[in-house]
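Student: Compact mmCIF, C-alpha atoms, saved as start.txt, coming up:
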# COMPACT_ATOMS: atom_id res chain seq x y z
CA MET A 236 60.21 23.65 14.73
CA GLN A 237 63.53 24.85 13.34
CA LYS A 238 62.41 26.44 10.09
CA SER A 239 59.69 28.87 9.04
CA CYS A 240 57.92 28.48 5.73
CA PHE A 241 57.54 32.26 5.45
CA PRO A 242 60.32 34.48 4.04
CA ALA A 243 61.49 37.03 6.59
CA SER A 244 61.34 39.70 3.86
CA GLU A 245 57.55 39.30 3.51
CA PRO A 246 56.11 39.68 7.01
CA SER A 247 52.71 40.63 5.55
CA LYS A 248 52.33 37.02 4.36
CA ASP A 249 53.04 35.53 7.78
CA HIS A 250 49.56 34.64 9.09
CA ARG A 251 50.88 34.34 12.66
CA ARG A 252 50.86 38.13 12.99
CA PHE A 253 47.08 37.95 13.46
CA TRP A 254 47.50 35.80 16.57
CA LEU A 255 50.31 37.88 18.13
CA PRO A 256 49.68 38.89 20.80
CA SER A 257 46.04 37.86 20.21
CA VAL A 258 43.31 37.84 17.57
CA GLU A 259 41.30 40.32 19.68
CA THR A 260 44.08 42.91 19.81
CA TYR A 261 45.30 42.66 16.20
CA TRP A 262 43.12 45.49 14.93
CA ASN A 263 44.02 47.92 17.73
CA GLY A 264 45.58 51.00 16.12
CA LYS A 265 45.75 49.40 12.67
CA ASN A 266 45.37 51.46 9.48
CA ILE A 267 42.60 49.89 7.40
CA ASP A 268 44.46 50.87 4.21
CA ASP A 269 47.40 48.62 5.13
CA ASN A 270 47.60 45.04 3.87
CA HIS A 271 45.48 42.83 6.12
CA SER A 272 45.02 39.97 3.66
CA GLY A 273 44.22 36.69 5.35
CA PHE A 274 42.81 38.11 8.59
CA PRO A 275 40.87 35.44 10.57
CA LEU A 276 37.16 35.89 11.24
CA PHE A 277 34.17 33.82 12.35
CA LEU A 278 30.62 35.00 11.75
CA ALA A 279 27.08 33.82 12.34
CA PHE A 280 24.49 35.96 10.61
CA LEU A 281 20.94 35.85 9.29
CA TYR A 282 20.62 35.45 5.52
CA ARG A 283 17.27 36.61 4.24
CA SER A 284 16.33 34.61 1.16
CA VAL A 285 15.74 36.26 -2.18
CA ASN A 286 13.56 34.57 -4.80
CA GLN A 287 13.91 34.85 -8.57
CA GLY A 288 12.90 38.37 -9.67
CA GLU A 289 13.07 39.87 -6.17
CA GLN A 290 15.43 42.66 -5.20
CA GLY A 291 17.85 42.10 -2.33
CA GLU A 292 19.06 44.49 0.34
CA GLU A 293 20.50 47.59 -1.34
CA ASP A 294 21.95 49.43 1.65
CA PRO A 295 25.10 47.53 2.73
CA SER A 296 25.00 49.13 6.18
CA HIS A 297 21.89 47.06 7.00
CA ILE A 298 23.86 43.86 6.40
CA LEU A 299 25.56 44.29 9.76
CA ASP A 300 22.17 44.36 11.53
CA ASN A 301 21.83 40.65 10.74
CA ILE A 302 24.99 39.58 12.60
CA LEU A 303 24.23 37.09 15.39
CA TYR A 304 27.83 36.51 16.49
CA GLN A 305 31.24 37.77 15.44
CA TYR A 306 34.82 37.01 16.50
CA PRO A 307 36.88 39.07 16.72
CA ASN A 308 34.34 41.85 17.15
CA ASN A 309 36.61 44.75 16.16
CA VAL A 310 37.10 44.07 12.45
CA PRO A 311 36.74 47.41 10.60
CA THR A 312 33.21 48.00 9.31
CA ARG A 313 34.30 48.45 5.70
CA LEU A 314 36.01 45.05 5.61
CA LEU A 315 33.12 43.41 7.44
CA GLN A 316 30.54 44.81 5.02
CA ALA A 317 32.60 43.67 2.02
CA PHE A 318 33.02 40.18 3.45
CA ILE A 319 29.35 39.62 4.35
CA GLY A 320 28.22 41.29 1.13
CA GLY A 321 30.39 38.90 -0.86
CA ILE A 322 28.98 35.86 0.94
CA VAL A 323 25.38 37.08 0.46
CA SER A 324 26.00 37.71 -3.26
CA PHE A 325 27.65 34.31 -3.80
CA MET A 326 24.91 32.52 -1.86
CA THR A 327 22.13 34.26 -3.77
CA PHE A 328 23.74 33.47 -7.12
CA SER A 329 24.39 29.88 -6.08
CA ARG A 330 20.81 29.30 -4.88
CA LEU A 331 19.08 31.00 -7.83
CA ASN A 332 21.32 29.75 -10.65
CA LEU A 333 22.86 26.52 -9.42
CA ASN A 334 20.14 25.32 -7.04
CA SER A 335 22.76 24.78 -4.35
CA ILE A 336 24.24 26.56 -1.35
CA LEU A 337 27.73 27.98 -1.35
CA SER A 338 30.05 25.90 0.84
CA SER A 339 33.52 27.38 0.33
CA PHE A 340 35.59 29.85 -1.64
CA SER A 341 38.90 31.72 -1.42
CA TRP A 342 39.31 35.46 -0.95
CA SER A 343 42.23 37.76 -0.15
CA GLN A 344 44.77 35.08 0.89
CA SER A 345 42.08 33.30 2.90
CA HIS A 346 40.12 30.09 2.71
CA ILE A 347 36.45 30.56 3.64
CA ALA A 348 34.13 27.74 4.68
CA ILE A 349 30.35 28.19 4.88
CA GLU A 350 27.76 26.19 6.81
CA THR A 351 24.04 26.96 6.95
CA ILE A 352 21.01 26.06 9.03
CA GLU A 353 17.73 26.51 7.17
CA LEU A 354 14.91 28.22 9.06
CA SER A 355 11.22 27.37 8.87
CA ASP A 356 10.43 30.43 6.70
CA GLY A 357 13.15 29.82 4.10
CA ASN A 358 15.79 32.10 5.59
CA PHE A 359 19.13 30.75 6.85
CA ILE A 360 21.58 31.11 9.69
CA VAL A 361 24.93 31.35 7.91
CA PHE A 362 28.16 30.39 9.68
CA ALA A 363 31.31 31.61 7.92
CA LEU A 364 34.92 30.92 8.90
CA LYS A 365 37.79 32.82 7.26
CA ILE A 366 41.30 31.49 7.88
CA PRO A 367 44.68 32.28 6.20
CA THR A 368 45.63 30.03 3.28
CA PHE A 369 48.49 28.55 5.34
CA PHE A 370 45.77 26.12 6.43
CA SER A 371 44.10 24.00 3.75
CA GLN A 372 40.53 24.46 2.54
CA ASN A 373 39.53 21.09 3.99
CA SER A 374 41.00 22.09 7.35
CA VAL A 375 38.77 25.16 7.45
CA LYS A 376 35.75 23.04 6.53
CA SER A 377 36.60 20.60 9.32
CA ALA A 378 36.90 23.43 11.82
CA ILE A 379 33.54 25.00 11.02
CA ASN A 380 31.83 21.57 11.03
CA ARG A 381 33.30 21.00 14.48
CA ALA A 382 31.96 24.37 15.65
CA ILE A 383 28.43 23.68 14.36
CA THR A 384 28.47 20.23 15.95
CA SER A 385 29.50 21.67 19.32
CA LEU A 386 26.74 24.30 19.17
CA LYS A 387 24.11 21.71 18.24
CA LEU A 388 25.22 19.61 21.21
CA ARG A 389 24.58 22.59 23.46
CA ASN A 390 21.29 23.84 22.01
CA GLU A 391 18.35 21.63 21.03
CA SER A 392 16.77 24.26 18.79
CA LEU A 393 19.73 24.21 16.37
CA ASN A 394 18.85 20.59 15.52
CA LYS A 395 15.44 21.48 14.07
CA LYS A 396 13.89 24.16 11.89
CA ILE A 397 13.22 27.30 13.90
CA SER A 398 11.74 30.65 12.89
CA THR A 399 13.65 33.83 12.06
CA THR A 400 12.45 35.34 15.35
CA GLU A 401 13.87 32.36 17.25
CA ALA A 402 17.12 32.63 15.29
CA LEU A 403 17.50 36.30 16.26
CA SER A 404 17.10 35.31 19.90
CA LEU A 405 20.22 33.10 19.68
CA VAL A 406 22.55 36.08 20.09
CA GLN A 407 22.81 35.53 23.85
CA PHE A 408 23.41 31.79 23.36
CA PHE A 409 26.26 32.39 20.91
CA ASN A 410 27.88 34.98 23.17
CA SER A 411 27.62 32.76 26.26
CA ASN A 412 29.30 29.94 24.29
CA SER A 413 32.00 32.17 22.83
CA TYR A 414 34.83 30.14 24.39
CA LEU A 415 33.47 26.97 22.79
CA ILE A 416 33.21 28.63 19.38
CA ILE A 417 36.68 30.21 19.44
CA ASN A 418 38.40 26.99 20.46
CA THR A 419 36.67 24.90 17.81
CA VAL A 420 37.19 27.24 14.84
CA PHE A 421 40.71 28.54 15.43
CA PRO A 422 43.87 26.39 15.63
CA SER A 423 45.55 25.85 18.98
CA ARG A 424 49.02 26.18 17.37
CA THR A 425 49.27 28.55 14.44
CA ASP A 426 52.63 27.20 13.26
CA ASP A 427 51.33 23.65 12.93
CA PRO A 428 48.88 23.13 10.03
CA PHE A 429 48.64 19.42 10.79
CA ASP A 430 47.30 20.11 14.27
CA PHE A 431 44.49 22.18 12.77
CA SER A 432 43.87 19.74 9.94
CA ALA A 433 43.72 16.46 11.83
CA HIS A 434 43.19 17.52 15.46
CA PRO A 435 45.62 14.77 16.47
CA PHE A 436 45.88 13.38 19.95
CA SER A 437 49.05 11.80 21.28
CA SER A 438 48.01 8.19 21.77
CA SER A 439 51.07 7.18 23.73
CA ALA A 440 49.95 5.65 27.00
CA PRO A 441 51.58 2.33 28.02
CA LYS A 442 49.52 -0.87 27.95
CA SER A 443 49.19 -0.98 31.73
CA VAL A 444 47.36 2.37 31.68
CA THR A 445 45.00 1.40 28.87
CA CYS A 446 44.22 -1.93 30.56
CA LEU A 447 43.34 -0.16 33.81
CA ALA A 448 41.21 2.36 31.91
CA THR A 449 39.33 -0.46 30.17
CA GLU A 450 38.48 -2.06 33.53
CA LEU A 451 37.41 1.32 34.90
CA PHE A 452 35.04 1.85 31.97
CA VAL A 453 33.41 -1.54 32.59
CA PHE A 454 32.89 -0.74 36.28
CA ALA A 455 31.48 2.70 35.41
CA ARG A 456 28.86 1.23 33.06
CA GLY A 457 27.89 -1.16 35.84
CA VAL A 458 26.90 1.77 38.07
CA SER A 459 23.78 2.51 36.02
CA PRO A 460 22.25 1.62 32.63
CA CYS A 461 22.11 5.38 32.01
CA VAL A 462 25.93 5.51 31.78
CA ILE A 463 26.68 5.58 28.03
CA GLY A 464 30.46 5.52 28.18
CA SER A 465 33.66 7.13 29.46
CA ALA A 466 36.86 8.69 28.19
CA ILE A 467 40.22 9.55 29.77
CA PHE A 468 42.68 12.25 28.75
CA SER A 469 45.99 13.21 30.30
CA LYS A 470 45.90 16.99 29.84
CA THR A 471 44.79 17.09 26.18
CA GLU A 472 46.44 13.77 25.29
CA PHE A 473 44.09 10.96 24.37
CA ILE A 474 44.43 7.87 26.58
CA LEU A 475 41.31 5.78 25.92
CA SER A 476 37.68 6.41 25.04
CA GLU A 477 34.33 4.72 24.60
CA ILE A 478 32.91 8.06 23.43
CA GLN A 479 33.08 8.33 19.68
CA ASN A 480 33.54 11.17 17.22
CA PRO A 481 32.37 13.85 16.72
CA LEU A 482 32.05 14.34 20.48
CA LEU A 483 35.44 12.73 21.15
CA ASN A 484 37.33 15.55 19.41
CA LEU A 485 35.43 18.12 21.46
CA LEU A 486 36.13 16.60 24.89
CA PRO A 487 39.34 18.60 25.64
CA ILE A 488 37.45 21.83 24.88
CA PHE A 489 34.54 20.84 27.11
CA GLY A 490 37.12 19.92 29.75
CA SER A 491 38.55 23.45 29.61
CA ILE A 492 35.04 24.90 29.90
CA ALA A 493 34.38 22.75 32.98
CA GLN A 494 37.50 24.09 34.69
CA GLN A 495 36.14 27.62 34.31
CA MET A 496 32.69 26.85 35.67
CA PRO A 497 31.64 28.55 38.94
CA GLY A 498 32.44 26.40 41.94
CA HIS A 499 34.86 24.17 40.03
CA GLU A 500 36.97 21.98 42.33
CA ILE A 501 39.60 19.37 41.65
CA SER A 502 38.31 15.82 42.19
CA LYS A 503 34.67 16.89 41.93
CA PHE A 504 32.34 16.46 38.95
CA ASP A 505 31.36 19.40 36.76
CA THR A 506 28.41 18.78 34.44
CA ILE A 507 27.64 20.19 31.00
CA ASP A 508 24.23 19.49 29.50
CA ILE A 509 24.24 18.38 25.86
CA TRP A 510 21.80 17.01 23.28
CA ALA A 511 22.79 14.01 21.19
CA ASN A 512 21.34 11.37 18.89
CA PRO A 513 22.43 7.96 20.28
CA SER A 514 22.04 6.18 16.92
CA ILE A 515 24.53 8.47 15.15
CA ASN A 516 27.26 7.50 17.60
CA GLY A 517 26.32 3.83 17.79
CA TRP A 518 25.22 4.05 21.43
CA SER A 519 21.84 2.55 20.53
CA THR A 520 19.44 2.10 17.62
CA GLU A 521 17.21 4.82 19.07
CA ASN A 522 17.05 7.56 16.43
CA ARG A 523 16.03 10.64 18.39
CA LEU A 524 17.62 13.61 20.10
CA ILE A 525 17.84 13.10 23.86
CA PRO A 526 19.26 15.17 26.73
CA MET A 527 22.52 13.89 28.20
CA SER A 528 24.93 14.91 30.91
CA LEU A 529 28.62 15.19 30.05
CA SER A 530 30.28 15.10 33.46
CA ILE A 531 33.98 15.79 33.93
CA ILE A 532 36.24 15.26 36.90
CA SER A 533 39.99 15.81 37.21
CA TRP A 534 42.74 14.23 39.26
CA GLY A 535 46.04 16.00 38.72
CA SER A 536 46.54 16.24 34.97
CA VAL A 537 44.00 13.49 34.23
CA ASN A 538 40.47 14.30 33.07
CA TYR A 539 37.80 11.62 33.25
CA TYR A 540 34.67 12.16 31.12
CA VAL A 541 31.44 10.23 31.49
CA LEU A 542 28.33 10.53 29.32
CA ILE A 543 25.03 9.84 31.09
CA LYS A 544 21.48 9.77 29.76
CA LYS A 545 19.34 12.17 31.78
CA GLU A 546 16.71 9.57 32.52
CA GLY A 547 17.83 8.67 36.02
CA ASP A 548 19.05 10.49 39.11
CA ILE A 549 22.23 12.14 37.80
CA SER A 550 23.37 13.22 41.26
CA SER A 551 23.10 9.67 42.60
CA ILE A 552 24.93 8.24 39.58
CA LEU A 553 27.75 10.78 39.92
CA GLU A 554 28.02 10.07 43.65
CA SER A 555 28.45 6.34 42.94
CA LEU A 556 30.99 7.07 40.20
CA HIS A 557 32.91 9.37 42.55
CA LYS A 558 33.19 6.57 45.13
CA LEU A 559 34.38 4.21 42.40
CA LEU A 560 37.01 6.65 41.13
CA SER A 561 38.21 7.62 44.61
CA ASN A 562 39.45 4.08 45.20
CA GLY A 563 42.36 4.38 42.80
CA MET A 564 42.18 7.40 40.55
CA SER A 565 45.07 9.21 42.23
CA ASP A 566 47.39 6.25 41.60
CA PHE A 567 46.07 5.96 38.04
CA ALA A 568 46.80 9.67 37.49
CA VAL A 569 50.43 9.11 38.51
CA GLU A 570 50.68 6.31 35.92
CA CYS A 571 49.26 8.61 33.22
CA GLU A 572 51.61 11.47 34.09
CA ASN A 573 54.66 9.30 33.44
CA PRO A 574 53.78 7.44 30.26
CA ILE A 575 56.30 5.69 28.05
CA LYS A 576 56.23 8.06 25.09
CA GLU A 577 56.21 6.37 21.69
CA LYS A 578 58.32 8.60 19.48
CA ILE A 579 58.90 8.15 15.78
CA GLU A 580 62.59 8.33 15.10
CA GLY A 581 64.31 8.99 11.79
CA SER A 582 62.92 10.79 8.76
CA PRO A 583 59.63 12.73 9.09
CA ALA A 584 56.59 10.52 9.43
CA ALA A 585 53.07 10.54 10.82
CA ILE A 586 50.63 7.77 11.70
CA ILE A 587 46.93 8.65 12.03
CA TRP A 588 44.04 6.54 13.29
CA PRO A 589 40.99 8.28 11.71
CA ASP A 590 38.38 6.65 13.96
CA THR A 591 39.78 8.36 17.06
CA SER A 592 41.85 11.15 15.46
CA SER A 593 44.81 9.88 17.47
CA SER A 594 48.28 10.10 15.98
CA ARG A 595 51.99 9.65 16.44
CA MET A 596 54.36 12.00 14.71
CA SER A 597 58.07 12.62 14.39
CA ALA A 598 59.70 16.02 14.69
CA CYS A 599 59.04 18.01 11.50
CA ASP A 600 59.64 21.53 10.27
CA ILE A 601 56.63 23.67 9.38
CA SER A 602 56.86 23.29 5.61
CA THR A 603 56.95 19.48 5.90
CA LEU A 604 53.97 19.54 8.24
CA GLN A 605 52.07 21.66 5.75
CA ARG A 606 52.66 19.17 2.94
CA MET A 607 51.68 16.31 5.24
CA SER A 608 48.47 18.10 6.23
CA ASN A 609 47.60 18.65 2.56
CA ILE A 610 48.00 14.93 1.87
CA HIS A 611 45.87 14.09 4.91
CA ASP A 612 43.19 16.49 3.66
CA GLN A 613 43.16 14.76 0.26
CA PHE A 614 42.46 11.44 1.98
CA VAL A 615 39.60 13.08 3.89
CA SER A 616 38.16 14.68 0.74
CA TYR A 617 38.50 11.57 -1.43
CA PRO A 618 37.71 8.43 0.63
CA MET A 619 38.59 6.08 -2.25
CA LEU A 620 42.13 7.49 -2.50
CA ARG A 621 44.72 4.98 -1.30
CA GLU A 622 48.10 6.48 -2.20
CA LEU A 623 49.37 10.00 -2.88
CA SER A 624 52.87 11.44 -3.33
CA VAL A 625 54.16 15.02 -3.53
CA LEU A 626 57.67 15.95 -4.73
CA SER A 627 59.32 19.04 -3.25
CA GLN A 628 63.00 19.95 -2.98
CA GLN A 629 64.15 16.46 -4.02
CA LYS A 630 62.06 14.84 -1.30
CA TYR A 631 58.87 12.85 -1.66
CA ILE A 632 56.07 13.02 0.89
CA THR A 633 53.98 9.89 0.42
CA GLY A 634 50.66 9.09 2.02
CA ILE A 635 49.35 5.51 2.23
CA MET A 636 45.78 4.80 3.34
CA LEU A 637 45.15 1.38 4.87
CA PRO A 638 41.99 0.12 6.58
CA LYS A 639 41.53 2.32 9.66
CA ILE A 640 45.07 3.72 9.54
CA GLU A 641 46.90 6.40 7.55
CA ILE A 642 50.68 6.69 7.15
CA ILE A 643 52.51 9.73 5.73
CA VAL A 644 56.30 9.52 5.30
CA GLU A 645 59.14 11.48 3.73
CA THR A 646 61.67 9.69 1.50
CA LYS A 647 64.83 10.80 -0.30
CA PRO A 648 65.04 8.91 -3.61
CA GLU A 649 68.48 10.20 -4.53
CA SER A 650 70.07 8.53 -1.50
CA SER A 651 68.32 5.16 -1.57
CA GLY A 652 69.11 4.00 -5.08
CA LYS A 653 65.60 2.54 -5.53
CA PRO A 654 62.17 3.95 -6.42
CA PHE A 655 60.80 6.28 -3.74
CA ILE A 656 57.55 4.31 -3.48
CA ASN A 657 59.51 1.24 -2.37
CA ASP A 658 61.17 3.36 0.29
CA ALA A 659 57.75 4.60 1.41
CA TYR A 660 56.42 1.05 1.82
CA SER A 661 59.60 -0.06 3.58
CA ARG A 662 59.20 2.85 6.02
CA MET A 663 55.56 1.92 6.56
CA LYS A 664 56.50 -1.66 7.51
CA GLU A 665 59.19 -0.33 9.84
CA LEU A 666 56.70 1.95 11.60
CA LEU A 667 53.97 -0.72 11.78
CA PRO A 668 55.68 -4.10 12.29
CA ASN A 669 52.44 -5.74 13.44
CA LEU A 670 50.59 -5.31 10.16
CA PRO A 671 48.74 -8.38 8.78
CA SER A 672 50.96 -10.60 6.65
CA ASP A 673 49.25 -9.65 3.38
CA LEU A 674 50.17 -5.99 3.98
CA LEU A 675 53.71 -6.78 5.14
CA ASN A 676 54.25 -8.74 1.91
CA LEU A 677 53.34 -5.80 -0.33
What would the structure in this file look like if it were written as structure tokens?
Tutor:
Amino acid sequence: MQKSCFPASEPSKDHRRFWLPSVETYWNGKNIDDNHSGFPLFLAFLYRSVNQGEQGEEDPSHILDNILYQYPNNVPTRLLQAFIGGIVSFMTFSRLNLNSILSSFSWSQSHIAIETIELSDGNFIVFALKIPTFFSQNSVKSAINRAITSLKLRNESLNKKISTTEALSLVQFFNSNSYLIINTVFPSRTDDPFDFSAHPFSSSAPKSVTCLATELFVFARGVSPCVIGSAIFSKTEFILSEIQNPLLNLLPIFGSIAQQMPGHEISKFDTIDIWANPSINGWSTENRLIPMSLSIISWGSVNYYVLIKKEGDISSILESLHKLLSNGMSDFAVECENPIKEKIEGSPAAIIWPDTSSSRMSACDISTLQRMSNIHDQFVSYPMLRELSVLSQQKYITGIMLPKIEIIVETKPESSGKPFINDAYSRMKELLPNLPSDLLNL
């Protein structure tokens, strides 16, 4: 990244200050009267429903009693009360007057995304994520959806209607899964909006590695009918997976959690219990929530994930899988650590495979990445959209959506002597020479 999209003369608008040195330490010694617009915050709190004609909570200090989880936990009380009070007011108005639930809004140089879980007595658990406007609104929505999905995988009760008393008892669960929450709602790189928007993986392994991984997956499923599927990552880079989204995007985070588990050892399985509906992910037609074991083992920089239904002897299955992997996993890890990287040369461009969230991308400055991420978000928000262009500083950023693949490229119309859209399609064909003939003839 050679260029910042923030003017040096306006440091108060640079969202990265909240992450330096860390989100937890930002508020230490800060004057609340200074400009803190855009500060990041994640909350889970209990919203007590108000019916038409009823009076809501008058004392704002009681609002904080309903917090189930907060990160960071040192946001000044006055700001916290204003933020929660605003959400409660908007939600109440939305429910009583629009017969809907607030899902997003903008406030103080921030995008806010809201998700709710309705309780059996009509109250709600409200999850709210506040992120600086450097990241798009759709990015924030994606992040909070990912967080709720990860929590539902870890706790069966979040997948059904529970009582307010049961909801209040979730405080310990949220705190014990704080690492999972933080890493799903906040970006890993604050100067890269595309990373936060698309959660891209670097799908760059050579064919020999993917062929070996495919054979390994077949052998793993042969160990037991309870083995649902496997996935392989080199560090956080996606190699190959039978495990589908939304769990696929969460695997690197679960891998990091496994490495911090008590008794963790290299080349030994760590197991995380999850709950999943097999029909949603296409694992079977069985439409029910069942307990599964997500087991993770590492060889060097390679993490191998295997999803197992908890209907058989998990220990015996993992022992058989360990014997299988021990035969050649070390050699396979060496292959993965020295992949032939597929780089995109030339003008800025990105290729995204939505089904797996894998991508290839050229070197781009921050402002170009931000425009690319906004185009990607438009494709996510409007599935019927097939083409979108943005003009900025005499350069076009053009997004083209094809079946199961998305291409975003930068063109310079003044230097080509032909319409920018022709340049965009020419660049697409250059990046994807193996397209079907009907697409290559566009």
Student: Enter the distance from CA of Thr633 in chain A to CA of Asn480 in chain A, in Å, rounded to one decimal.
Tutor: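 Separation between CA of Thr633 in chain A and CA of Asn480 in chain A: 26.5 Å.
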Student: When distances are computed from all atoms listed in the file, which of A:Thr368, A:Asn308, A:Ser616, A:Ser413 shows the smallest separation from Ser341 in chain A?
Tutor: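 Closest residue, counting all atoms listed in the file: A:Thr368.
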Student: What is the CA of Glu665 in chain A to CA of Leu604 in chain A distance in Å?
Tutor: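 Atom-to-atom, CA of Glu665 in chain A to CA of Leu604 in chain A, that is 20.6 Å.
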Student: Nearest residue to Thr399 in chain A out of A:Phe359, A:Trp534, A:Phe567, A:Phe504, using only C-alpha atoms?
Tutor: A:Phe359
Student: When you count all atoms listed in the file, which of these residues is closest to Tyr414 in chain A: A:Ser469, A:Cys446, A:Gln344, A:Ile488?
Tutor: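 Ranked by minimum distance to Tyr414 in chain A, first place goes to A:Ile488.
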Student: Which of these residues is nearest to Asp505 in chain A, using only C-alpha atoms: A:Leu626, A:Ile492, A:Met326, A:Leu620?
Tutor: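 Smallest separation from Asp505 in chain A among the options: A:Ile492.
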Student: What is the distance, in Å and to one decimal place, between CA of Ser602 in chain A and CA of Asp658 in chain A?
Tutor: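 These two atoms are separated by 21.1 Å.
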